[in-house]
Every structure is written in structure tokens, then in C-alpha cells.
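To start, the structure under review is shown below, and the notes come after it.
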Amino acid sequence: MSKPVLEVAEVVRRCGGAFLNAYGATWSLAQRTVLHALVLCRTSALGGHLERCDNPSCGYQRPAYNSCRNRHCPKCQSLAKARWIAARQQQLLPVVYFHVVFTLPEAIARLALQNKTVVYHLLFQTVAATLHSIAADPKHLGAQLVKRQYVCKQLTIERRDENSNGTP
Ligand SMILES: [Zn+2]
């Protein structure tokens, strides 16, 4: 797997201070801890170890920094994510799938950061009702949707900058 041109950790290193100055008041200690873990992951701050080739005739070794093992860290979770995607692809039915994105207005998105359980529950209920209503309409699908629990887990709540042009 090749290294990405720009890593999330580098973005946080460069812009994390300014971001926290602007939005830090709305962030919990747990969220700040994740940000800190991303910055430290695979740096000398977490120490290191020697990686050895599994082939006994090779014996190649190289030094490597330790991982943060935070479940939100893209470096630590990239292999787990690839395995998860491969497993989900095995479950796909041979039908057409649609990717639907629901976006909260900025004022409600700010409320969601402070009241996640309530706002996300309302959002998922509203999304499900909207999708069922549109799908049932003969002008669209004229069909009844099959409800799956994991559909809601795949929804992404994005906080958009007030100057955002609406593109993700
Ligand atoms: Zn990590």
C-alpha cells in the first residue's frame, strides 16, 4: 500500500491549533484525545520496534514507529477498513445501488455536535421516512424499501464551513 500524498496527521499538525482555537469550545475531551493520537501516531513520541520478515531465510529487519491504535486513526484502521469493505462487497446483491446523502443545515449541525443522540436519532427517523416515501411514489420507484439496520450506520454527518460551497 502506497503512502498518501497528504496524511490526516499532517493536516492536524499544520492546522489543528487554529481549528481548536476556532471550534475547540464545542469539542469534548474524547474528541481532543483522538486529534492528539492522530498527530502522535507512528512518530518517535510513541516509541518504536523492529519489523522482521516472516521468511526465516530472509531475516530482513527495519525500524518502525509504534501506532496509536486509536479506532479513529486512518493509518491504524486502513487495513481493517479494507477488510471491512471486502467483506461488505461479498454481501452485495446483484442489483443497482444508490448513494443518497442527507445534509443538515448549519444551525442544526451545530446542535448535533452538542446533542448527538437526540439529533442523530431524529435524523435517522426522518431519513428512513423520506426514503420510504420517495421510493413508494410511482413517479420514482413505486416500491417498498427493505429496511436494514446498517444503512443508518453508513450515514455520515459532516460539519460544513459557513463558506462551504456545498460540495463534500
Ligand atoms: Zn494511529
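Residues in the C-alpha cells are named by chain (A, B, ... in the order shown) and by number from 1 within that chain; ligands are numbered from 1 in the order shown.
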Selection within 7 Å of ligand 1 by only C-alpha atoms and all ligand atoms, output as number ranges by chain: A: 37-38, 41-42, 67-70, 73-76
Could you turn the residues from that selection into a file that holds N, CA, C and O atoms, as a tab-separated table (two decimals), in the first residue's frame?
```
chain	number	residue	atom	x	y	z
A	37	ALA	N	-3.96	11.79	19.32
A	37	ALA	CA	-3.47	10.46	18.91
A	37	ALA	C	-3.08	10.45	17.44
A	37	ALA	O	-2.06	9.86	17.06
A	38	LEU	N	-3.86	11.12	16.59
A	38	LEU	CA	-3.57	11.16	15.16
A	38	LEU	C	-2.22	11.82	14.90
A	38	LEU	O	-1.46	11.39	14.03
A	41	CYS	N	0.67	9.35	16.12
A	41	CYS	CA	0.73	8.01	15.53
A	41	CYS	C	1.95	7.86	14.62
A	41	CYS	O	2.22	8.69	13.76
A	42	ARG	N	2.68	6.80	14.86
A	42	ARG	CA	3.87	6.43	14.07
A	42	ARG	C	4.91	7.55	14.02
A	42	ARG	O	5.49	7.83	12.96
A	67	SER	N	2.25	2.42	16.51
A	67	SER	CA	0.97	3.02	16.12
A	67	SER	C	0.20	3.46	17.36
A	67	SER	O	0.40	2.94	18.45
A	68	CYS	N	-0.73	4.39	17.14
A	68	CYS	CA	-1.55	4.87	18.26
A	68	CYS	C	-2.67	3.88	18.59
A	68	CYS	O	-3.20	3.88	19.68
A	69	ARG	N	-3.08	3.08	17.61
A	69	ARG	CA	-4.15	2.08	17.75
A	69	ARG	C	-5.50	2.69	18.08
A	69	ARG	O	-6.38	2.01	18.58
A	70	ASN	N	-5.65	3.97	17.81
A	70	ASN	CA	-6.94	4.62	18.02
A	70	ASN	C	-7.88	4.19	16.91
A	70	ASN	O	-7.51	4.18	15.74
A	73	CYS	N	-8.12	6.49	13.89
A	73	CYS	CA	-6.91	6.83	13.16
A	73	CYS	C	-6.91	6.18	11.78
A	73	CYS	O	-6.98	4.96	11.66
A	74	PRO	N	-6.83	6.98	10.71
A	74	PRO	CA	-6.84	6.40	9.37
A	74	PRO	C	-5.62	5.51	9.09
A	74	PRO	O	-5.72	4.56	8.33
A	75	LYS	N	-4.48	5.81	9.70
A	75	LYS	CA	-3.30	4.96	9.49
A	75	LYS	C	-3.52	3.60	10.12
A	75	LYS	O	-3.22	2.57	9.52
A	76	CYS	N	-4.00	3.60	11.34
A	76	CYS	CA	-4.17	2.34	12.08
A	76	CYS	C	-5.34	1.53	11.53
A	76	CYS	O	-5.34	0.31	11.63
```
Close residues, stretch 121-123 of chain A itself excluded, 9 Å, only C-alpha atoms, min 4 positions apart in chain, as a ChimeraX atom specification: /A:102,104,116-117,127-128
Which of stretch 30-159 of chain A DSSP labels strand (DSSP E or B), written as a PyMOL selection string: chain A and resi 48-52+61-65
Within 10 Å of A:Ser133 using only C-alpha atoms, minus same-chain residues under 6 positions, as a list in words: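 The residues that qualify are Val127, His140, Gly142, Ala143, Gln144 and Leu145 of chain A.
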Per-residue DSSP, chain A, filtered to alpha helix (DSSP H), as a PyMOL selection string: chain A and resi 8-23+29-40+74-91+106-114+116-136+149-153
